[in-house]
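**Q** Can you read through this structure? Questions will come right after.
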Amino acid sequence: MRTRDGRTVEGTTDMKVLALGGAGAMGRVAARVTARLPGVRELVIADRDPDAARRTAAGLAAHAAGAGAAGAGATVRARRVDVTDQAELEAALGEVDAVLNTVGPYYRFGLDVLRAAIRTGTHYLDICDDWEPTVAMLELDEEARAGGVRAVIGMGASPGVSNLLAVRAAALLDTLDDVYTAWPVDVGPEPGDAALVDRDGAPAAAAVHWMQQISGTVAVVRDGRLVQRPPLGPVALDLPGGRRGTAYTVGHPEPVTLHRSLRPGGDAASLMVVRAGTAAYLDVLRRDLDAGRLGNETAALALDRPSLRRVLRAGARAVRFGSPGSLPGFFAAATGRVEGRRASVLAQLTGADALMADMAEGTGVPAALGLAQLLDGTVRTPGVHPPETALDAERFFADLARHRPGVGVTVGA
């Protein structure tokens, strides 16, 4: 059943979805999966570049036609939307039931898009990977509840899958002390889609985000309290299965939301699993960012095209940084007590190397599978939620395994 304004009533299967930023690398993947979700009648590919939006929509339509009637999904069309144009944004949001927002960096655009979705009564999901707007978005919970809007923030690989792994790890402990989530930078499979610069030579949004989150101060949990500390702090880990090494703190939403949901009594942080030389080069960029010699965009370009001077500075500092050792690339780890004894738990995906080596696939696929739970009413409570309090984790991992056969979860102490 639909209301007079054309919106779908929760529980029906005739949904209209706006893929905001749907012509971008991660947006295209999320849109591809969303177009095949049960109950999605229409998918609007929205981008500030209308030609790119039309190309993406045409490609999805052609893919659906090639799949035949049994694989036919949503009707797909394109629309120009510039998220900095409030009237244009709200007009697009007002015509759909839900929005999947993949427009980054989120420290610039995330909060405004969520506010617009709440004003227009549009259910919302994003892949926000900046901790600062995560704090601000969570503060919109009461406003979203009053408007009946269900919003899930930070549902990609990290954050997103990482949060759900952390929940699985913590569930094996009677009391939780520390919880860490980690993602690989240059260990494990080589990234298949991690371009630092766009086709036009501008720094990619993901690279700009990264520079924001290795500079200034970042959110971490210390002794059960959410505090701010400089990034690239070393964390030595001794995990089940003899996995040992050092990883480094980075600004990300996980400690912000896991502090609220799991309430660790000790420490929590998002970590990068990175080689010592790369960590040293990131530290050089951090120091130049903090000194004002670089901005986020110029630092992202310097990451793509290192200067000899910065390489030499990093080389001199590399001996100060510990090795990742035998740490896995993408995981969540929790420590605490079981029946009074100290215990450590490691949760990680298995069979997911190809998925997680491709940034667009590793982020876009989980976003669409999270959206499925938002659309079908599994996420029932209005408000602004992190993945771990909104989504059914068991169902998510089962859906992921169906979408990517061979992918599973191992949790062990």
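Going by the structure tokens order, chains are called A, B, ..., each with residues numbered from 1, while ligands are numbered from 1 in the order shown.
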Excluding region 29-46 of chain A and its own-chain neighbours fewer than 5 positions away, which residues fall within 8 Å of it when counting only C-alpha atoms? Please give them as a PyMOL selection string.
**A** chain A and resi 12-23+53-54+56-57+60+71-81+360-361+363-369+371-372+375-376
**Q** Return as a Markdown table the residues of region 338-357 of chain A lying at most 12 Å from region 140-160 of chain A, together with the closest atom-to-atom pair for each and the distance in Å to one decimal, counting only C-alpha atoms, with rows in chain order and ascending residue number.
**A**
```
| residue | atom | partner | partner_atom | distance |
| --- | --- | --- | --- | --- |
| A:Gln348 | CA | A:Ala157 | CA | 11.9 |
| A:Leu349 | CA | A:Ala157 | CA | 11.0 |
| A:Ala352 | CA | A:Ala157 | CA | 11.4 |
| A:Leu355 | CA | A:Ala157 | CA | 9.8 |
| A:Met356 | CA | A:Ala157 | CA | 7.9 |
| A:Ala357 | CA | A:Ala157 | CA | 11.0 |
```
**Q** Using DSSP secondary structure from the backbone, list all strand (DSSP E or B) positions within region 242-302 of chain A, as a PDB file with N, CA, C and O atoms, in the first residue's frame.
**A**
```pdb
ATOM      1  N   ARG A 243      48.524 -15.227  16.665  1.00  0.00           N
ATOM      2  CA  ARG A 243      48.590 -14.038  15.812  1.00  0.00           C
ATOM      3  C   ARG A 243      49.094 -12.861  16.648  1.00  0.00           C
ATOM      4  O   ARG A 243      48.414 -12.395  17.560  1.00  0.00           O
ATOM      5  N   ARG A 244      50.280 -12.369  16.309  1.00  0.00           N
ATOM      6  CA  ARG A 244      50.885 -11.289  17.090  1.00  0.00           C
ATOM      7  C   ARG A 244      51.433 -10.211  16.166  1.00  0.00           C
ATOM      8  O   ARG A 244      51.908 -10.512  15.060  1.00  0.00           O
ATOM      9  N   GLY A 245      51.390  -8.971  16.640  1.00  0.00           N
ATOM     10  CA  GLY A 245      51.956  -7.877  15.876  1.00  0.00           C
ATOM     11  C   GLY A 245      51.469  -6.543  16.406  1.00  0.00           C
ATOM     12  O   GLY A 245      50.752  -6.473  17.414  1.00  0.00           O
ATOM     13  N   THR A 246      51.882  -5.487  15.730  1.00  0.00           N
ATOM     14  CA  THR A 246      51.511  -4.126  16.123  1.00  0.00           C
ATOM     15  C   THR A 246      50.677  -3.494  15.025  1.00  0.00           C
ATOM     16  O   THR A 246      51.006  -3.581  13.843  1.00  0.00           O
ATOM     17  N   ALA A 247      49.575  -2.877  15.436  1.00  0.00           N
ATOM     18  CA  ALA A 247      48.724  -2.107  14.525  1.00  0.00           C
ATOM     19  C   ALA A 247      48.635  -0.684  15.061  1.00  0.00           C
ATOM     20  O   ALA A 247      49.062  -0.393  16.196  1.00  0.00           O
ATOM     21  N   TYR A 248      48.043   0.237  14.254  1.00  0.00           N
ATOM     22  CA  TYR A 248      48.103   1.661  14.586  1.00  0.00           C
ATOM     23  C   TYR A 248      46.717   2.296  14.527  1.00  0.00           C
ATOM     24  O   TYR A 248      45.921   2.014  13.633  1.00  0.00           O
ATOM     25  N   THR A 249      46.463   3.169  15.500  1.00  0.00           N
ATOM     26  CA  THR A 249      45.145   3.791  15.613  1.00  0.00           C
ATOM     27  C   THR A 249      44.896   4.762  14.471  1.00  0.00           C
ATOM     28  O   THR A 249      45.806   5.416  13.956  1.00  0.00           O
ATOM     29  N   VAL A 250      43.630   4.852  14.094  1.00  0.00           N
ATOM     30  CA  VAL A 250      43.188   5.754  13.039  1.00  0.00           C
ATOM     31  C   VAL A 250      41.799   6.245  13.411  1.00  0.00           C
ATOM     32  O   VAL A 250      41.054   5.552  14.118  1.00  0.00           O
ATOM     33  N   ALA A 268      39.266   0.766  23.409  1.00  0.00           N
ATOM     34  CA  ALA A 268      38.693   0.427  22.100  1.00  0.00           C
ATOM     35  C   ALA A 268      39.253   1.403  21.077  1.00  0.00           C
ATOM     36  O   ALA A 268      39.446   2.587  21.365  1.00  0.00           O
ATOM     37  N   ALA A 269      39.506   0.896  19.884  1.00  0.00           N
ATOM     38  CA  ALA A 269      40.038   1.750  18.818  1.00  0.00           C
ATOM     39  C   ALA A 269      39.845   1.053  17.485  1.00  0.00           C
ATOM     40  O   ALA A 269      39.679  -0.166  17.412  1.00  0.00           O
ATOM     41  N   SER A 270      39.874   1.848  16.439  1.00  0.00           N
ATOM     42  CA  SER A 270      39.976   1.329  15.082  1.00  0.00           C
ATOM     43  C   SER A 270      41.456   1.340  14.718  1.00  0.00           C
ATOM     44  O   SER A 270      42.163   2.321  14.963  1.00  0.00           O
ATOM     45  N   LEU A 271      41.921   0.248  14.122  1.00  0.00           N
ATOM     46  CA  LEU A 271      43.340   0.073  13.857  1.00  0.00           C
ATOM     47  C   LEU A 271      43.608  -0.154  12.376  1.00  0.00           C
ATOM     48  O   LEU A 271      42.789  -0.742  11.669  1.00  0.00           O
ATOM     49  N   MET A 272      44.768   0.286  11.938  1.00  0.00           N
ATOM     50  CA  MET A 272      45.291  -0.045  10.615  1.00  0.00           C
ATOM     51  C   MET A 272      46.370  -1.112  10.769  1.00  0.00           C
ATOM     52  O   MET A 272      47.274  -0.968  11.603  1.00  0.00           O
ATOM     53  N   VAL A 273      46.269  -2.175   9.980  1.00  0.00           N
ATOM     54  CA  VAL A 273      47.322  -3.178   9.907  1.00  0.00           C
ATOM     55  C   VAL A 273      48.195  -2.778   8.728  1.00  0.00           C
ATOM     56  O   VAL A 273      47.796  -2.868   7.565  1.00  0.00           O
TER      57      VAL A 273
END
```
**Q** Counting only C-alpha atoms, figure out which residue out of A:Val311, A:Ala276, A:Leu172, A:Ala61 gets nearest to Ala343 (chain A).
**A**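 Checking each candidate against Ala343 (chain A), we get A:Leu172 as the closest.
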**Q** Just give me the gap between CA of Thr257 (chain A) and CA of Thr84 (chain A) in Å, one decimal is fine.
**A**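 For CA of Thr257 (chain A) relative to CA of Thr84 (chain A), the distance reads 27.0 Å.
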**Q** Please provide the set of residues having any atom within 6 Å of region 129-133 of chain A, restricted to only C-alpha atoms, with same-chain residues fewer than 5 positions apart removed, written as a ChimeraX atom specification.
**A** /A:107,252-253
**Q** From the options A:Gly295, A:Gly104, A:Pro184, A:Gly277, which residue's atoms come nearest to Met359 (chain A), counting only C-alpha atoms?
**A**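 Checking each of A:Gly295, A:Gly104, A:Pro184, A:Gly277 against Met359 (chain A), counting only C-alpha atoms, the winner is A:Pro184.
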**Q** Would you pick out the contacts of Ala390 (chain A) at 10 Å or less, using only C-alpha atoms, so that residues sharing its chain but fewer than 3 positions from it are not included, and give the list as a compact mmCIF listing (two decimals) with all heavy atoms, in the first residue's frame?
**A**
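Heads up, here's the output in result13.txt:
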```txt
# COMPACT_ATOMS: atom_id res chain seq x y z
N ARG A 150 13.95 5.88 10.13
CA ARG A 150 14.92 4.87 10.55
C ARG A 150 16.23 5.10 9.78
O ARG A 150 16.22 5.08 8.55
CB ARG A 150 14.39 3.47 10.27
CG ARG A 150 13.20 3.08 11.15
CD ARG A 150 12.53 1.79 10.70
NE ARG A 150 11.73 2.00 9.50
CZ ARG A 150 11.81 1.23 8.43
NH1 ARG A 150 12.69 0.24 8.36
NH2 ARG A 150 11.02 1.46 7.39
N ALA A 151 17.30 5.34 10.51
CA ALA A 151 18.59 5.65 9.88
C ALA A 151 19.66 4.73 10.44
O ALA A 151 19.78 4.57 11.66
CB ALA A 151 18.96 7.10 10.12
N VAL A 152 20.44 4.13 9.54
CA VAL A 152 21.60 3.30 9.92
C VAL A 152 22.83 3.98 9.34
O VAL A 152 22.91 4.22 8.13
CB VAL A 152 21.47 1.87 9.37
CG1 VAL A 152 22.70 1.05 9.78
CG2 VAL A 152 20.19 1.21 9.88
N ILE A 153 23.79 4.30 10.19
CA ILE A 153 24.98 5.02 9.73
C ILE A 153 26.21 4.12 9.83
O ILE A 153 26.34 3.32 10.75
CB ILE A 153 25.19 6.32 10.53
CG1 ILE A 153 25.34 6.05 12.02
CG2 ILE A 153 24.02 7.29 10.29
CD1 ILE A 153 25.70 7.29 12.85
N GLY A 370 22.82 -4.39 4.13
CA GLY A 370 22.26 -3.68 5.28
C GLY A 370 20.98 -2.96 4.91
O GLY A 370 20.00 -2.94 5.67
N GLN A 373 17.75 -4.94 5.12
CA GLN A 373 17.11 -5.05 6.43
C GLN A 373 16.36 -3.78 6.81
O GLN A 373 15.36 -3.82 7.53
CB GLN A 373 18.14 -5.40 7.50
CG GLN A 373 18.79 -6.76 7.29
CD GLN A 373 19.54 -7.23 8.52
OE1 GLN A 373 19.16 -6.94 9.66
NE2 GLN A 373 20.62 -7.98 8.30
N LEU A 374 16.83 -2.65 6.31
CA LEU A 374 16.12 -1.40 6.55
C LEU A 374 14.81 -1.38 5.78
O LEU A 374 13.77 -0.96 6.29
CB LEU A 374 17.01 -0.22 6.14
CG LEU A 374 16.44 1.18 6.35
CD1 LEU A 374 16.36 1.51 7.83
CD2 LEU A 374 17.30 2.22 5.63
N THR A 378 13.20 -5.13 9.15
CA THR A 378 14.00 -5.76 10.19
C THR A 378 14.54 -4.69 11.14
O THR A 378 14.60 -4.88 12.36
CB THR A 378 15.17 -6.56 9.57
OG1 THR A 378 14.63 -7.58 8.73
CG2 THR A 378 16.04 -7.19 10.64
N VAL A 379 14.95 -3.56 10.57
CA VAL A 379 15.28 -2.37 11.38
C VAL A 379 13.96 -1.67 11.65
O VAL A 379 13.43 -0.96 10.80
CB VAL A 379 16.25 -1.44 10.64
CG1 VAL A 379 16.60 -0.23 11.51
CG2 VAL A 379 17.51 -2.18 10.22
N ARG A 380 13.40 -1.87 12.82
CA ARG A 380 12.04 -1.42 13.09
C ARG A 380 11.96 -0.10 13.85
O ARG A 380 10.99 0.64 13.73
CB ARG A 380 11.27 -2.48 13.88
CG ARG A 380 11.16 -3.83 13.19
CD ARG A 380 10.12 -4.71 13.87
NE ARG A 380 8.79 -4.13 13.79
CZ ARG A 380 7.98 -4.26 12.75
NH1 ARG A 380 8.39 -4.94 11.67
NH2 ARG A 380 6.79 -3.71 12.76
N THR A 381 12.96 0.18 14.66
CA THR A 381 12.86 1.31 15.57
C THR A 381 13.32 2.60 14.91
O THR A 381 14.46 2.67 14.44
CB THR A 381 13.70 1.06 16.84
OG1 THR A 381 13.33 -0.19 17.40
CG2 THR A 381 13.49 2.18 17.85
N PRO A 382 12.49 3.64 14.86
CA PRO A 382 12.96 4.93 14.35
C PRO A 382 14.11 5.46 15.18
O PRO A 382 14.25 5.15 16.37
CB PRO A 382 11.72 5.83 14.46
CG PRO A 382 10.56 4.90 14.51
CD PRO A 382 11.05 3.69 15.24
N GLY A 383 14.96 6.26 14.56
CA GLY A 383 16.10 6.84 15.24
C GLY A 383 17.35 6.66 14.40
O GLY A 383 17.30 6.14 13.28
N VAL A 384 18.48 7.11 14.95
CA VAL A 384 19.77 6.99 14.27
C VAL A 384 20.56 5.88 14.97
O VAL A 384 20.83 5.97 16.17
CB VAL A 384 20.55 8.31 14.30
CG1 VAL A 384 21.88 8.16 13.58
CG2 VAL A 384 19.72 9.43 13.67
N HIS A 385 20.92 4.86 14.22
CA HIS A 385 21.51 3.65 14.79
C HIS A 385 22.83 3.29 14.12
O HIS A 385 22.96 3.40 12.90
CB HIS A 385 20.57 2.46 14.60
CG HIS A 385 19.17 2.69 15.03
ND1 HIS A 385 18.77 2.73 16.34
CD2 HIS A 385 18.04 2.92 14.29
CE1 HIS A 385 17.47 2.95 16.40
NE2 HIS A 385 17.01 3.08 15.17
N PRO A 386 23.80 2.79 14.89
CA PRO A 386 24.97 2.15 14.27
C PRO A 386 24.58 0.75 13.85
O PRO A 386 23.55 0.21 14.30
CB PRO A 386 26.00 2.13 15.40
CG PRO A 386 25.16 2.04 16.64
CD PRO A 386 23.91 2.83 16.37
N PRO A 387 25.38 0.11 13.01
CA PRO A 387 25.01 -1.23 12.51
C PRO A 387 24.76 -2.25 13.61
O PRO A 387 23.83 -3.05 13.51
CB PRO A 387 26.21 -1.62 11.64
CG PRO A 387 26.83 -0.34 11.22
CD PRO A 387 26.63 0.59 12.38
N ALA A 393 22.75 -9.46 12.91
CA ALA A 393 24.08 -9.85 12.44
C ALA A 393 24.07 -11.24 11.81
O ALA A 393 24.73 -11.47 10.79
CB ALA A 393 25.08 -9.80 13.59
```
**Q** Have a look at A:Ala166, A:Val256, A:Ala52, A:Ala98 and name the one nearest to Tyr180 (chain A); count only C-alpha atoms.
**A**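 Using only C-alpha atoms, the shortest distance to Tyr180 (chain A) belongs to A:Ala166.
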**Q** Just list the residues in region 167-295 of chain A DSSP gives helix (DSSP H, G or I) on the backbone, as number ranges by chain.
**A** A: 167-170, 205-213, 240-242, 254-261, 276-290
**Q** Per residue of region 126-187 of chain A within 12 Å of region 403-409 of chain A, what are the shortest atom pair and its distance in Å to one decimal, counting only C-alpha atoms, with rows by chain and residue number, as a Markdown table?
**A**
```
| residue | atom | partner | partner_atom | distance |
| --- | --- | --- | --- | --- |
| A:Val161 | CA | A:Val409 | CA | 10.7 |
| A:Ser162 | CA | A:Val409 | CA | 11.5 |
| A:Leu164 | CA | A:Val409 | CA | 10.5 |
| A:Leu165 | CA | A:Val409 | CA | 8.2 |
| A:Ala166 | CA | A:Val409 | CA | 11.6 |
| A:Arg168 | CA | A:Val409 | CA | 9.3 |
| A:Ala169 | CA | A:Val409 | CA | 10.6 |
```
**Q** Write out as a ChimeraX atom specification which residues come within 9 Å of Trp210 (chain A) when counting only C-alpha atoms, dropping same-chain ones fewer than 3 positions away.
**A** /A:130,205-207,213-215,250-251,296,300
**Q** Quick one: everything within 9 Å of region 109-115 of chain A, counting only C-alpha atoms, minus sequence neighbours fewer than 4 positions away in the same chain. Send it as a list in words.
**A**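 So the residues in contact are Val83, Thr84, Gln86, Leu89, Glu90, Asn101, Val103, Gly104, Pro105, Arg119, Thr120, Tyr124, Leu125, Asp126, Cys128, Pro133, Thr134, Ala136, Met137, Leu140, Ala144 and Ala151 of chain A.
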**Q** Now that the selection is made, can you save its residues with C-alpha atoms as a PDB file, in the first residue's frame?
**A**
```
ATOM      1  CA  VAL A  83      24.050  17.374  -2.182  1.00  0.00           C
ATOM      2  CA  THR A  84      25.201  20.958  -1.594  1.00  0.00           C
ATOM      3  CA  GLN A  86      19.427  21.809  -0.360  1.00  0.00           C
ATOM      4  CA  LEU A  89      18.487  17.303  -2.480  1.00  0.00           C
ATOM      5  CA  GLU A  90      15.197  17.526  -0.605  1.00  0.00           C
ATOM      6  CA  ASN A 101      24.051   7.685   0.703  1.00  0.00           C
ATOM      7  CA  VAL A 103      28.646  10.607  -1.007  1.00  0.00           C
ATOM      8  CA  GLY A 104      31.895  11.321   0.798  1.00  0.00           C
ATOM      9  CA  PRO A 105      33.848  12.553   2.531  1.00  0.00           C
ATOM     10  CA  ARG A 119      13.119  16.640   7.209  1.00  0.00           C
ATOM     11  CA  THR A 120      11.636  14.749   4.261  1.00  0.00           C
ATOM     12  CA  TYR A 124      18.436   6.437   5.473  1.00  0.00           C
ATOM     13  CA  LEU A 125      21.577   4.294   5.294  1.00  0.00           C
ATOM     14  CA  ASP A 126      25.158   5.372   4.623  1.00  0.00           C
ATOM     15  CA  CYS A 128      30.035   7.044   6.901  1.00  0.00           C
ATOM     16  CA  PRO A 133      30.030  13.318  11.864  1.00  0.00           C
ATOM     17  CA  THR A 134      29.187   9.988  13.498  1.00  0.00           C
ATOM     18  CA  ALA A 136      26.900  14.547  15.370  1.00  0.00           C
ATOM     19  CA  MET A 137      24.600  12.127  13.527  1.00  0.00           C
ATOM     20  CA  LEU A 140      19.961  13.514  15.708  1.00  0.00           C
ATOM     21  CA  ALA A 144      14.686  11.053  13.673  1.00  0.00           C
ATOM     22  CA  ALA A 151      18.589   5.646   9.883  1.00  0.00           C
TER      23      ALA A 151
END
```
**Q** May I have the residues within 8 Å of Gly266 (chain A) as an MDAnalysis selection string, using only C-alpha atoms and disregarding those fewer than 5 positions away in the same chain?
**A** chainID A and resid 176:178 221:224
**Q** For CA of Leu346 (chain A) and CA of Thr410 (chain A), determine how far apart the two atoms are, in Å to one decimal place.
**A** 8.0 Å
**Q** What is the distance, in Å and to one decimal place, between CA of Arg55 (chain A) and CA of Met26 (chain A)?
**A**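 Computing the Euclidean distance for CA of Arg55 (chain A) and CA of Met26 (chain A) yields 15.1 Å.
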